[in-house]
file upload.pdb (PDB, C-alpha atoms and all ligand atoms)
MODEL        1
ATOM      1  CA  ILE A  63      -4.118  10.793  -7.530
ATOM      2  CA  LEU A  64      -3.741  14.541  -7.375
ATOM      3  CA  LYS A  65      -2.582  15.155  -3.810
ATOM      4  CA  LEU A  66      -3.510  18.791  -3.462
ATOM      5  CA  ASN A  67      -5.983  18.257  -0.711
ATOM      6  CA  ILE A  68      -6.074  20.692   2.128
ATOM      7  CA  MET A  69      -9.125  21.372   4.245
ATOM      8  CA  SER A  70      -9.896  24.958   5.147
ATOM      9  CA  ASN A  71      -8.626  24.675   8.732
ATOM     10  CA  GLU A  72      -5.272  23.097   7.879
ATOM     11  CA  ASN A  73      -1.940  24.725   7.196
ATOM     12  CA  LYS A  74      -0.486  24.301   3.772
ATOM     13  CA  SER A  75       2.232  21.785   4.476
ATOM     14  CA  ILE A  76       3.694  21.884   1.001
ATOM     15  CA  HIS A  77       5.764  24.917   0.079
ATOM     16  CA  GLU A  78       3.872  27.454  -2.021
ATOM     17  CA  PHE A  79       6.322  27.082  -4.879
ATOM     18  CA  ASP A  80       5.532  23.357  -5.031
ATOM     19  CA  PHE A  81       1.816  24.099  -5.125
ATOM     20  CA  ASN A  82       2.263  26.493  -8.008
ATOM     21  CA  LEU A  83       4.330  23.934  -9.852
ATOM     22  CA  ILE A  84       1.796  21.143  -9.369
ATOM     23  CA  CYS A  85      -1.033  23.484 -10.383
ATOM     24  CA  GLU A  86       0.894  24.528 -13.487
ATOM     25  CA  TYR A  87       1.356  20.907 -14.552
ATOM     26  CA  PHE A  88      -2.303  19.958 -14.054
ATOM     27  CA  SER A  89      -3.561  23.232 -15.585
ATOM     28  CA  SER A  90      -2.052  22.178 -18.888
ATOM     29  CA  MET A  91      -4.598  19.332 -19.109
ATOM     30  CA  GLU A  92      -8.322  19.458 -19.739
ATOM     31  CA  ARG A  93      -8.959  17.049 -16.862
ATOM     32  CA  GLN A  94      -7.155  16.718 -13.545
ATOM     33  CA  GLY A  95      -8.535  13.235 -12.903
ATOM     34  CA  PRO A  96     -10.032  10.284 -14.805
ATOM     35  CA  GLY A  97     -13.298  11.156 -16.548
ATOM     36  CA  SER A  98     -14.759  12.103 -19.926
ATOM     37  CA  PRO A  99     -17.579  14.130 -21.492
ATOM     38  CA  ASP A 100     -19.457  10.876 -22.239
ATOM     39  CA  ALA A 101     -19.222   9.717 -18.632
ATOM     40  CA  THR A 102     -20.511  13.097 -17.403
ATOM     41  CA  VAL A 103     -23.443  12.932 -19.847
ATOM     42  CA  ASN A 104     -24.192   9.331 -18.855
ATOM     43  CA  ALA A 105     -24.359  10.273 -15.178
ATOM     44  CA  LEU A 106     -26.592  13.254 -16.016
ATOM     45  CA  ARG A 107     -29.147  10.910 -17.613
ATOM     46  CA  PHE A 108     -30.203   9.778 -14.119
ATOM     47  CA  ILE A 109     -30.987  13.333 -12.959
ATOM     48  CA  ASP A 110     -34.602  14.209 -13.713
ATOM     49  CA  ASN A 111     -35.365  17.280 -11.611
ATOM     50  CA  LEU A 112     -33.570  20.061 -13.483
ATOM     51  CA  THR A 113     -35.134  23.279 -14.849
ATOM     52  CA  ASN A 114     -33.893  26.735 -15.933
ATOM     53  CA  GLU A 115     -34.016  27.732 -12.275
ATOM     54  CA  SER A 116     -31.913  24.867 -10.948
ATOM     55  CA  ARG A 117     -28.917  25.522  -8.724
ATOM     56  CA  ILE A 118     -26.035  23.161  -9.349
ATOM     57  CA  ALA A 119     -22.725  22.938  -7.466
ATOM     58  CA  ASP A 120     -19.646  21.392  -9.081
ATOM     59  CA  ILE A 121     -17.297  20.685  -6.185
ATOM     60  CA  GLY A 122     -13.548  20.205  -6.726
ATOM     61  CA  CYS A 123     -14.132  21.394 -10.287
ATOM     62  CA  GLY A 124     -10.451  21.750 -11.252
ATOM     63  CA  THR A 125     -10.119  23.673 -14.526
ATOM     64  CA  GLY A 126     -13.752  22.832 -15.328
ATOM     65  CA  GLY A 127     -13.570  20.004 -17.894
ATOM     66  CA  GLN A 128     -16.808  18.486 -16.580
ATOM     67  CA  THR A 129     -18.321  21.898 -15.708
ATOM     68  CA  MET A 130     -18.476  22.858 -19.397
ATOM     69  CA  VAL A 131     -20.203  19.556 -20.219
ATOM     70  CA  LEU A 132     -22.686  20.116 -17.388
ATOM     71  CA  ALA A 133     -23.396  23.600 -18.726
ATOM     72  CA  GLN A 134     -24.023  22.255 -22.240
ATOM     73  CA  HIS A 135     -26.505  19.661 -21.010
ATOM     74  CA  THR A 136     -28.373  21.575 -18.299
ATOM     75  CA  SER A 137     -29.998  24.983 -18.256
ATOM     76  CA  GLY A 138     -29.667  26.019 -14.621
ATOM     77  CA  HIS A 139     -26.986  27.971 -12.798
ATOM     78  CA  ILE A 140     -23.700  26.293 -11.878
ATOM     79  CA  THR A 141     -21.387  27.300  -9.049
ATOM     80  CA  ALA A 142     -18.040  25.581  -9.541
ATOM     81  CA  ILE A 143     -15.697  25.470  -6.546
ATOM     82  CA  ASP A 144     -12.063  24.580  -6.222
ATOM     83  CA  LEU A 145      -9.378  25.285  -3.665
ATOM     84  CA  PHE A 146      -6.900  26.483  -6.262
ATOM     85  CA  PRO A 147      -7.247  29.940  -7.824
ATOM     86  CA  THR A 148      -5.222  28.949 -10.926
ATOM     87  CA  PHE A 149      -7.822  26.300 -11.795
ATOM     88  CA  VAL A 150     -10.787  28.581 -11.051
ATOM     89  CA  ASP A 151      -9.313  31.422 -13.158
ATOM     90  CA  LEU A 152      -8.946  29.058 -16.100
ATOM     91  CA  LEU A 153     -12.509  27.834 -15.675
ATOM     92  CA  ASN A 154     -13.888  31.396 -15.624
ATOM     93  CA  THR A 155     -11.817  32.330 -18.696
ATOM     94  CA  ASN A 156     -13.160  29.290 -20.564
ATOM     95  CA  ALA A 157     -16.734  30.096 -19.548
ATOM     96  CA  ALA A 158     -16.293  33.671 -20.844
ATOM     97  CA  LYS A 159     -14.851  32.384 -24.145
ATOM     98  CA  ARG A 160     -17.932  30.194 -24.560
ATOM     99  CA  LYS A 161     -20.164  33.110 -23.555
ATOM    100  CA  ILE A 162     -21.759  31.144 -20.734
ATOM    101  CA  GLN A 163     -20.295  33.165 -17.862
ATOM    102  CA  SER A 164     -23.805  34.236 -16.802
ATOM    103  CA  ARG A 165     -24.628  30.588 -16.015
ATOM    104  CA  ILE A 166     -21.284  29.406 -14.597
ATOM    105  CA  LYS A 167     -19.531  31.019 -11.678
ATOM    106  CA  GLY A 168     -16.159  29.638 -10.663
ATOM    107  CA  ILE A 169     -15.227  30.464  -7.080
ATOM    108  CA  VAL A 170     -12.298  29.639  -4.822
ATOM    109  CA  GLY A 171     -13.364  27.717  -1.737
ATOM    110  CA  SER A 172     -12.954  24.532   0.245
ATOM    111  CA  MET A 173     -15.273  21.544   0.122
ATOM    112  CA  ASP A 174     -15.342  21.375   3.928
ATOM    113  CA  ASN A 175     -16.640  24.931   4.192
ATOM    114  CA  LEU A 176     -19.068  25.400   1.311
ATOM    115  CA  PRO A 177     -20.838  28.742   0.886
ATOM    116  CA  PHE A 178     -24.351  27.351   0.319
ATOM    117  CA  ARG A 179     -27.541  27.747   2.324
ATOM    118  CA  ASN A 180     -29.404  24.708   3.619
ATOM    119  CA  GLU A 181     -31.635  23.167   0.924
ATOM    120  CA  GLU A 182     -30.378  25.584  -1.726
ATOM    121  CA  LEU A 183     -29.154  23.085  -4.320
ATOM    122  CA  ASP A 184     -30.924  20.837  -6.825
ATOM    123  CA  LEU A 185     -27.770  18.948  -7.768
ATOM    124  CA  ILE A 186     -24.344  18.391  -6.257
ATOM    125  CA  TRP A 187     -21.727  17.231  -8.762
ATOM    126  CA  CYS A 188     -18.259  16.084  -7.818
ATOM    127  CA  GLU A 189     -15.975  14.252 -10.251
ATOM    128  CA  GLY A 190     -12.840  12.666  -8.880
ATOM    129  CA  ALA A 191     -12.581  15.065  -5.946
ATOM    130  CA  ILE A 192     -14.651  13.863  -2.959
ATOM    131  CA  TYR A 193     -11.614  11.830  -1.819
ATOM    132  CA  ASN A 194     -10.140  15.121  -0.603
ATOM    133  CA  ILE A 195     -12.689  15.332   2.213
ATOM    134  CA  GLY A 196     -13.401  11.593   2.212
ATOM    135  CA  PHE A 197     -16.400   9.891   0.578
ATOM    136  CA  GLU A 198     -18.463   9.343   3.730
ATOM    137  CA  ARG A 199     -17.726  12.725   5.290
ATOM    138  CA  GLY A 200     -18.504  14.562   2.033
ATOM    139  CA  LEU A 201     -21.796  12.713   1.577
ATOM    140  CA  TYR A 202     -22.874  13.508   5.159
ATOM    141  CA  GLU A 203     -21.788  17.147   5.229
ATOM    142  CA  TRP A 204     -23.195  18.108   1.810
ATOM    143  CA  HIS A 205     -26.589  16.458   2.397
ATOM    144  CA  LYS A 206     -28.013  19.567   4.095
ATOM    145  CA  PHE A 207     -27.347  21.773   1.051
ATOM    146  CA  LEU A 208     -29.651  19.684  -1.180
ATOM    147  CA  LYS A 209     -33.367  20.283  -1.532
ATOM    148  CA  THR A 210     -35.647  17.317  -0.947
ATOM    149  CA  GLY A 211     -35.747  15.542  -4.306
ATOM    150  CA  GLY A 212     -32.263  16.821  -5.143
ATOM    151  CA  TYR A 213     -29.463  14.640  -6.470
ATOM    152  CA  ILE A 214     -25.829  14.006  -5.756
ATOM    153  CA  ALA A 215     -23.479  12.542  -8.376
ATOM    154  CA  VAL A 216     -19.898  11.771  -7.409
ATOM    155  CA  SER A 217     -17.162   9.683  -8.972
ATOM    156  CA  GLU A 218     -14.943   7.812  -6.560
ATOM    157  CA  ALA A 219     -12.051   5.341  -6.655
ATOM    158  CA  SER A 220     -13.446   1.864  -5.981
ATOM    159  CA  TRP A 221     -12.326  -1.765  -5.906
ATOM    160  CA  PHE A 222     -13.966  -4.048  -8.457
ATOM    161  CA  THR A 223     -13.055  -7.254  -6.631
ATOM    162  CA  ALA A 224     -13.087  -8.418  -3.021
ATOM    163  CA  GLU A 225      -9.348  -9.203  -3.194
ATOM    164  CA  ARG A 226      -6.398  -7.900  -5.235
ATOM    165  CA  PRO A 227      -2.640  -8.174  -5.559
ATOM    166  CA  ASP A 228      -0.556  -6.712  -2.728
ATOM    167  CA  GLU A 229       1.252  -4.142  -4.857
ATOM    168  CA  ILE A 230      -1.919  -2.306  -5.877
ATOM    169  CA  ASN A 231      -3.574  -2.805  -2.508
ATOM    170  CA  THR A 232      -0.617  -1.194  -0.739
ATOM    171  CA  PHE A 233      -0.500   1.704  -3.209
ATOM    172  CA  TRP A 234      -4.147   2.605  -2.581
ATOM    173  CA  GLN A 235      -4.024   2.021   1.174
ATOM    174  CA  ASP A 236      -1.326   4.687   1.224
ATOM    175  CA  ALA A 237      -2.931   7.062  -1.312
ATOM    176  CA  TYR A 238      -6.571   6.778  -0.221
ATOM    177  CA  PRO A 239      -7.438   4.208   2.464
ATOM    178  CA  GLU A 240     -11.167   4.948   2.033
ATOM    179  CA  ILE A 241     -11.154   3.161  -1.340
ATOM    180  CA  ASP A 242     -13.685   0.323  -1.009
ATOM    181  CA  THR A 243     -15.791  -2.106  -3.018
ATOM    182  CA  ILE A 244     -18.836  -0.901  -4.965
ATOM    183  CA  PRO A 245     -21.437  -2.560  -2.660
ATOM    184  CA  ASN A 246     -19.767  -0.978   0.380
ATOM    185  CA  LYS A 247     -19.769   2.457  -1.257
ATOM    186  CA  VAL A 248     -23.448   2.090  -2.197
ATOM    187  CA  ALA A 249     -24.245   1.155   1.420
ATOM    188  CA  GLN A 250     -22.395   4.290   2.588
ATOM    189  CA  LEU A 251     -24.412   6.419   0.135
ATOM    190  CA  GLN A 252     -27.642   5.018   1.564
ATOM    191  CA  LYS A 253     -26.472   5.428   5.163
ATOM    192  CA  ALA A 254     -25.682   9.092   4.498
ATOM    193  CA  GLY A 255     -29.333   9.719   3.594
ATOM    194  CA  TYR A 256     -29.593   9.207  -0.161
ATOM    195  CA  VAL A 257     -31.492   6.654  -2.219
ATOM    196  CA  PRO A 258     -28.848   4.946  -4.389
ATOM    197  CA  VAL A 259     -30.338   5.666  -7.811
ATOM    198  CA  ALA A 260     -27.556   4.285  -9.997
ATOM    199  CA  ASN A 261     -23.888   3.554 -10.250
ATOM    200  CA  PHE A 262     -21.626   2.689 -13.147
ATOM    201  CA  ILE A 263     -17.951   2.061 -13.745
ATOM    202  CA  LEU A 264     -16.184   4.705 -15.809
ATOM    203  CA  PRO A 265     -14.824   3.126 -19.005
ATOM    204  CA  GLU A 266     -11.093   2.477 -19.240
ATOM    205  CA  SER A 267     -10.755   5.313 -21.799
ATOM    206  CA  CYS A 268     -11.500   7.785 -18.969
ATOM    207  CA  TRP A 269      -8.131   6.788 -17.495
ATOM    208  CA  THR A 270      -6.170   6.272 -20.697
ATOM    209  CA  ASP A 271      -7.325   8.548 -23.573
ATOM    210  CA  HIS A 272      -8.711  11.277 -21.318
ATOM    211  CA  TYR A 273      -6.163  11.278 -18.503
ATOM    212  CA  TYR A 274      -2.850   9.422 -18.890
ATOM    213  CA  VAL A 275      -2.361   9.817 -22.668
ATOM    214  CA  PRO A 276      -2.595  13.660 -22.669
ATOM    215  CA  GLN A 277      -0.041  13.661 -19.846
ATOM    216  CA  VAL A 278       2.681  11.990 -21.921
ATOM    217  CA  GLU A 279       3.402  15.110 -23.973
ATOM    218  CA  ALA A 280       2.720  17.462 -21.066
ATOM    219  CA  GLN A 281       5.335  15.588 -19.028
ATOM    220  CA  GLU A 282       8.028  16.057 -21.688
ATOM    221  CA  VAL A 283       7.343  19.793 -21.876
ATOM    222  CA  PHE A 284       7.249  20.150 -18.098
ATOM    223  CA  LEU A 285      10.461  18.201 -17.509
ATOM    224  CA  LYS A 286      12.285  20.262 -20.114
ATOM    225  CA  LYS A 287      11.152  23.483 -18.465
ATOM    226  CA  TYR A 288      11.999  22.345 -14.908
ATOM    227  CA  ARG A 289      15.031  20.143 -15.547
ATOM    228  CA  GLY A 290      16.872  19.491 -12.248
ATOM    229  CA  ASN A 291      13.959  20.594 -10.087
ATOM    230  CA  ARG A 292      13.242  17.866  -7.528
ATOM    231  CA  THR A 293       9.549  18.629  -7.014
ATOM    232  CA  ALA A 294       8.921  18.595 -10.760
ATOM    233  CA  GLU A 295      10.842  15.370 -11.282
ATOM    234  CA  GLU A 296       9.118  13.625  -8.357
ATOM    235  CA  LEU A 297       5.712  14.750  -9.552
ATOM    236  CA  ILE A 298       6.268  13.295 -13.007
ATOM    237  CA  ALA A 299       7.806  10.106 -11.609
ATOM    238  CA  ASN A 300       4.718   9.638  -9.421
ATOM    239  CA  GLN A 301       2.344  10.241 -12.321
ATOM    240  CA  ARG A 302       4.230   7.745 -14.461
ATOM    241  CA  HIS A 303       4.222   5.184 -11.663
ATOM    242  CA  GLU A 304       0.473   5.624 -11.229
ATOM    243  CA  ALA A 305      -0.123   5.164 -14.972
ATOM    244  CA  LEU A 306       2.012   2.021 -14.968
ATOM    245  CA  LEU A 307       0.065   0.591 -12.036
ATOM    246  CA  TYR A 308      -3.181   1.289 -13.863
ATOM    247  CA  SER A 309      -1.961  -0.526 -16.972
ATOM    248  CA  LYS A 310      -0.987  -3.475 -14.779
ATOM    249  CA  TYR A 311      -3.914  -3.635 -12.356
ATOM    250  CA  GLY A 312      -6.759  -1.674 -14.010
ATOM    251  CA  LYS A 313      -9.062  -4.672 -13.856
ATOM    252  CA  TYR A 314      -9.074  -4.509 -10.052
ATOM    253  CA  TYR A 315     -10.007  -0.855  -9.550
ATOM    254  CA  GLY A 316     -11.290   2.267 -11.220
ATOM    255  CA  TYR A 317     -13.615   5.199 -10.810
ATOM    256  CA  VAL A 318     -17.292   4.580 -10.245
ATOM    257  CA  PHE A 319     -20.034   7.185 -10.600
ATOM    258  CA  TYR A 320     -22.483   7.018  -7.683
ATOM    259  CA  ILE A 321     -25.803   8.811  -8.059
ATOM    260  CA  GLY A 322     -28.085   9.337  -5.084
ATOM    261  CA  LYS A 323     -31.348  11.151  -4.416
ATOM    262  CA  LYS A 324     -32.368  12.952  -1.229
ATOM    263  CA  ILE A 325     -35.955  12.119  -0.328
TER     264      ILE A 325
HETATM  265  N1  LIG B 401     -13.195  17.560 -11.180
HETATM  266  C1  LIG B 401     -11.949  17.774 -11.885
HETATM  267  C2  LIG B 401     -11.760  16.713 -12.946
HETATM  268  O1  LIG B 401     -12.380  15.633 -12.815
HETATM  269  O2  LIG B 401     -11.010  16.952 -13.904
HETATM  270  C3  LIG B 401     -10.738  17.812 -10.930
HETATM  271  C4  LIG B 401     -10.427  16.526 -10.215
HETATM  272  S1  LIG B 401      -8.860  16.585  -9.341
HETATM  273  C5  LIG B 401      -8.432  14.893  -9.253
HETATM  274  C6  LIG B 401      -9.318  17.001  -7.665
HETATM  275  C7  LIG B 401      -9.626  18.483  -7.458
HETATM  276  O3  LIG B 401     -10.000  18.721  -6.097
HETATM  277  C8  LIG B 401      -8.458  19.396  -7.764
HETATM  278  O4  LIG B 401      -8.859  20.367  -8.691
HETATM  279  C9  LIG B 401      -8.114  20.025  -6.401
HETATM  280  O5  LIG B 401      -7.612  21.327  -6.511
HETATM  281  C10 LIG B 401      -9.469  19.991  -5.724
HETATM  282  N2  LIG B 401      -9.420  20.100  -4.248
HETATM  283  C11 LIG B 401      -8.530  19.531  -3.399
HETATM  284  N3  LIG B 401      -8.850  19.833  -2.124
HETATM  285  C12 LIG B 401      -9.957  20.611  -2.186
HETATM  286  C13 LIG B 401     -10.765  21.256  -1.192
HETATM  287  N4  LIG B 401     -10.500  21.145   0.105
HETATM  288  N5  LIG B 401     -11.835  21.980  -1.598
HETATM  289  C14 LIG B 401     -12.125  22.121  -2.932
HETATM  290  N6  LIG B 401     -11.387  21.534  -3.911
HETATM  291  C15 LIG B 401     -10.326  20.795  -3.544
ENDMDL
END

call {"tool": "encode", "arguments": {"input": "upload.pdb", "output": "structure tokens"}}
result
Amino acid sequence: ILKLNIMSNENKSIHEFDFNLICEYFSSMERQGPGSPDATVNALRFIDNLTNESRIADIGCGTGGQTMVLAQHTSGHITAIDLFPTFVDLLNTNAAKRKIQSRIKGIVGSMDNLPFRNEELDLIWCEGAIYNIGFERGLYEWHKFLKTGGYIAVSEASWFTAERPDEINTFWQDAYPEIDTIPNKVAQLQKAGYVPVANFILPESCWTDHYYVPQVEAQEVFLKKYRGNRTAEELIANQRHEALLYSKYGKYYGYVFYIGKKI
């Protein structure tokens, strides 16, 4: 998973050059995590409170792959937030190209210090990014920004089975110990103050066709450009390792969309 997670009160522990390099690699892809336009649209089907006046936040938006889909299928105003200016710049450029910059505003900010007023938002969207703050903490802290009747839709790494092979268990315990089974995640959603409206597993193509496959070519280009650079080589080795693990153990885990309503 993309380990570019810093909260607003932490020091950047990775050297700035490394950040720029990692951002450059992920900027070359439409998505920075597993997901797809179809999955975004499917999750949107459960949201029934939106109007032209709606305020939507897309948190950890990356370069805005899902933000553009949200904009196509809703008519309200979207504020898209990411920690990394390179991603936000790309998102704003894409919005301008599509002539929807009046409805989408990309801003740089941190998900633990969001610039919203209490009860301002009709919908909080967060694809493959809540792990940066942690699923439970994010659900609790963002609750106040939603109006009564508002929705939250987040995708989150989840176990499909109660038990799994050691190799994949160890990998995830190191990468994101908050990964848990679907019933446990749903219970956490409810405990944080939302009615669990729906959840569904993202199809395998969200990991393969939409995430790992586009990386194959991007990796070749990147390695050629940064031959001999340790950060670049480690980054690609990690991405390849992750893709291999998914091909081996994808039946035990994946991303799940969780949709909740504040009542
Ligand atoms: N939503 C996008 C997608 O699905 O393609 C990006 C997902 S990517 C796996 C996670 C994103 O979270 C990255 O764009 C990263 O820059 C962002 N991020 C990490 N820490 C953050 C923070 N504290 N506040 C806001 N965004 C953060």

call {"tool": "residues_near_ligand", "arguments": {"input": "upload.pdb", "ligand": "ligand LIG 401 (chain B)", "cutoff": "7 Å", "atoms": "only C-alpha atoms and all ligand atoms", "output": "VMD selection string"}}
result
chain A and resid 63 to 64 66 to 70 92 to 97 121 to 128 143 to 146 149 171 to 174 188 to 191 194 to 195

call {"tool": "resolve_selection", "arguments": {"input": "upload.pdb", "expression": "the PyMOL selection byres (((chain A and resi 165) around 8) and not hetatm)", "output": "count of residues only"}}
result
9

call {"tool": "residues_around", "arguments": {"input": "upload.pdb", "residues": "Val275 (chain A)", "least_positions_apart": "5", "cutoff": "12 Å", "atoms": "all atoms listed in the file", "output": "PyMOL selection string"}}
result
chain A and resi 91-93+96+266-270+280-281+301-302+305-306+309

call {"tool": "closest_residue", "arguments": {"input": "upload.pdb", "among": "A:Tyr87, A:Leu176, A:Glu115, A:Ala249", "to": "Glu282 (chain A)", "atoms": "only C-alpha atoms"}}
result
A:Tyr87

call {"tool": "resolve_selection", "arguments": {"input": "upload.pdb", "expression": "the PyMOL selection byres (((chain A and resi 206) around 10) and not hetatm)", "output": "number ranges by chain"}}
result
A: 178-183, 201-205, 207-210, 255, 324

call {"tool": "write_last_selection", "arguments": {"input": "upload.pdb", "atoms": "C-alpha atoms", "output": "short mmCIF file (atom, residue, chain, number, x, y, z; two decimals), in the frame of the given file"}}
result
data_model
loop_
_atom_site.label_atom_id
_atom_site.label_comp_id
_atom_site.auth_asym_id
_atom_site.auth_seq_id
_atom_site.Cartn_x
_atom_site.Cartn_y
_atom_site.Cartn_z
CA PHE A 178 -24.35 27.35 0.32
CA ARG A 179 -27.54 27.75 2.32
CA ASN A 180 -29.40 24.71 3.62
CA GLU A 181 -31.64 23.17 0.92
CA GLU A 182 -30.38 25.58 -1.73
CA LEU A 183 -29.15 23.08 -4.32
CA LEU A 201 -21.80 12.71 1.58
CA TYR A 202 -22.87 13.51 5.16
CA GLU A 203 -21.79 17.15 5.23
CA TRP A 204 -23.20 18.11 1.81
CA HIS A 205 -26.59 16.46 2.40
CA PHE A 207 -27.35 21.77 1.05
CA LEU A 208 -29.65 19.68 -1.18
CA LYS A 209 -33.37 20.28 -1.53
CA THR A 210 -35.65 17.32 -0.95
CA GLY A 255 -29.33 9.72 3.59
CA LYS A 324 -32.37 12.95 -1.23
#

call {"tool": "resolve_selection", "arguments": {"input": "upload.pdb", "expression": "the PyMOL selection byres (((chain A and resi 297) around 12) and not hetatm)", "output": "JSON, numbers by chain"}}
result
{"A": [63, 64, 65, 66, 80, 81, 83, 84, 85, 86, 87, 88, 277, 281, 284, 285, 288, 291, 292, 293, 294, 295, 296, 298, 299, 300, 301, 302, 303, 304]}

call {"tool": "closest_residue", "arguments": {"input": "upload.pdb", "among": "A:Ser137, A:Ser89, A:Asn261, A:Ser98", "to": "Val216 (chain A)", "atoms": "all atoms listed in the file"}}
result
A:Asn261

call {"tool": "closest_residue", "arguments": {"input": "upload.pdb", "among": "A:Asp236, A:Glu78, A:Glu229, A:Glu218", "to": "Tyr311 (chain A)", "atoms": "all atoms listed in the file"}}
result
A:Glu229

call {"tool": "atom_distance", "arguments": {"input": "upload.pdb", "atom1": "CA of Ile241 (chain A)", "atom2": "CA of Phe319 (chain A)"}}
result
13.4 Å

call {"tool": "atom_distance", "arguments": {"input": "upload.pdb", "atom1": "CA of Val150 (chain A)", "atom2": "CA of Ser90 (chain A)"}}
result
13.4 Å

call {"tool": "closest_residue", "arguments": {"input": "upload.pdb", "among": "A:Lys287, A:Thr232, A:Val248, A:Pro227", "to": "Gly312 (chain A)", "atoms": "all atoms listed in the file"}}
result
A:Pro227

call {"tool": "closest_atom_pairs", "arguments": {"input": "upload.pdb", "of": "region 256-311 of chain A", "to": "region 243-246 of chain A", "cutoff": "12 Å", "atoms": "only C-alpha atoms", "output": "Markdown table"}}
result
| residue | atom | partner | partner_atom | distance |
| --- | --- | --- | --- | --- |
| A:Pro258 | CA | A:Pro245 | CA | 10.7 |
| A:Ala260 | CA | A:Ile244 | CA | 11.3 |
| A:Asn261 | CA | A:Ile244 | CA | 8.6 |
| A:Phe262 | CA | A:Ile244 | CA | 9.4 |
| A:Ile263 | CA | A:Ile244 | CA | 9.3 |

call {"tool": "write_last_selection", "arguments": {"input": "upload.pdb", "atoms": "C-alpha atoms", "output": "PDB file, in the frame of the given file"}}
result
ATOM      1  CA  PRO A 258     -28.848   4.946  -4.389  1.00  0.00           C
ATOM      2  CA  ALA A 260     -27.556   4.285  -9.997  1.00  0.00           C
ATOM      3  CA  ASN A 261     -23.888   3.554 -10.250  1.00  0.00           C
ATOM      4  CA  PHE A 262     -21.626   2.689 -13.147  1.00  0.00           C
ATOM      5  CA  ILE A 263     -17.951   2.061 -13.745  1.00  0.00           C
TER       6      ILE A 263
END

call {"tool": "axis_aligned_box", "arguments": {"input": "upload.pdb", "around": "region 226-244 of chain A", "padding_each_side": "3 Å", "output": "JSON"}}
result
{"center_x": -8.8, "center_y": -0.6, "center_z": -1.7, "size_x": 26.1, "size_y": 21.2, "size_z": 14.3}

call {"tool": "decode", "arguments": {"input": "upload.pdb", "residues": "region 93-128 of chain A", "atoms": "C-alpha atoms", "output": "short mmCIF file (atom, residue, chain, number, x, y, z; two decimals), in the first residue's frame"}}
result
data_model
loop_
_atom_site.label_atom_id
_atom_site.label_comp_id
_atom_site.auth_asym_id
_atom_site.auth_seq_id
_atom_site.Cartn_x
_atom_site.Cartn_y
_atom_site.Cartn_z
CA ARG A 93 -5.32 5.49 -9.55
CA GLN A 94 -3.00 5.33 -6.56
CA GLY A 95 -4.85 2.41 -5.00
CA PRO A 96 -7.22 -0.42 -5.99
CA GLY A 97 -10.54 0.85 -7.34
CA SER A 98 -12.44 1.50 -10.56
CA PRO A 99 -15.08 3.81 -12.06
CA ASP A 100 -17.65 0.97 -11.80
CA ALA A 101 -16.93 0.43 -8.12
CA THR A 102 -17.29 4.17 -7.43
CA VAL A 103 -20.62 4.24 -9.29
CA ASN A 104 -21.82 1.12 -7.47
CA ALA A 105 -21.08 2.70 -4.09
CA LEU A 106 -22.84 5.91 -5.17
CA ARG A 107 -26.05 3.95 -5.82
CA PHE A 108 -26.59 3.70 -2.04
CA ILE A 109 -26.45 7.49 -1.54
CA ASP A 110 -29.91 9.00 -1.88
CA ASN A 111 -29.65 12.48 -0.38
CA LEU A 112 -27.77 14.43 -3.04
CA THR A 113 -28.94 17.63 -4.79
CA ASN A 114 -27.31 20.49 -6.75
CA GLU A 115 -26.52 22.10 -3.41
CA SER A 116 -24.77 19.11 -1.86
CA ARG A 117 -21.33 19.45 -0.32
CA ILE A 118 -19.12 16.44 -0.89
CA ALA A 119 -15.61 15.81 0.46
CA ASP A 120 -13.26 13.36 -1.26
CA ILE A 121 -10.56 12.66 1.31
CA GLY A 122 -7.15 11.27 0.30
CA CYS A 123 -8.19 11.93 -3.30
CA GLY A 124 -4.77 11.29 -4.88
CA THR A 125 -4.74 12.50 -8.49
CA GLY A 126 -8.55 12.36 -8.52
CA GLY A 127 -9.41 9.17 -10.44
CA GLN A 128 -12.55 8.66 -8.34
#
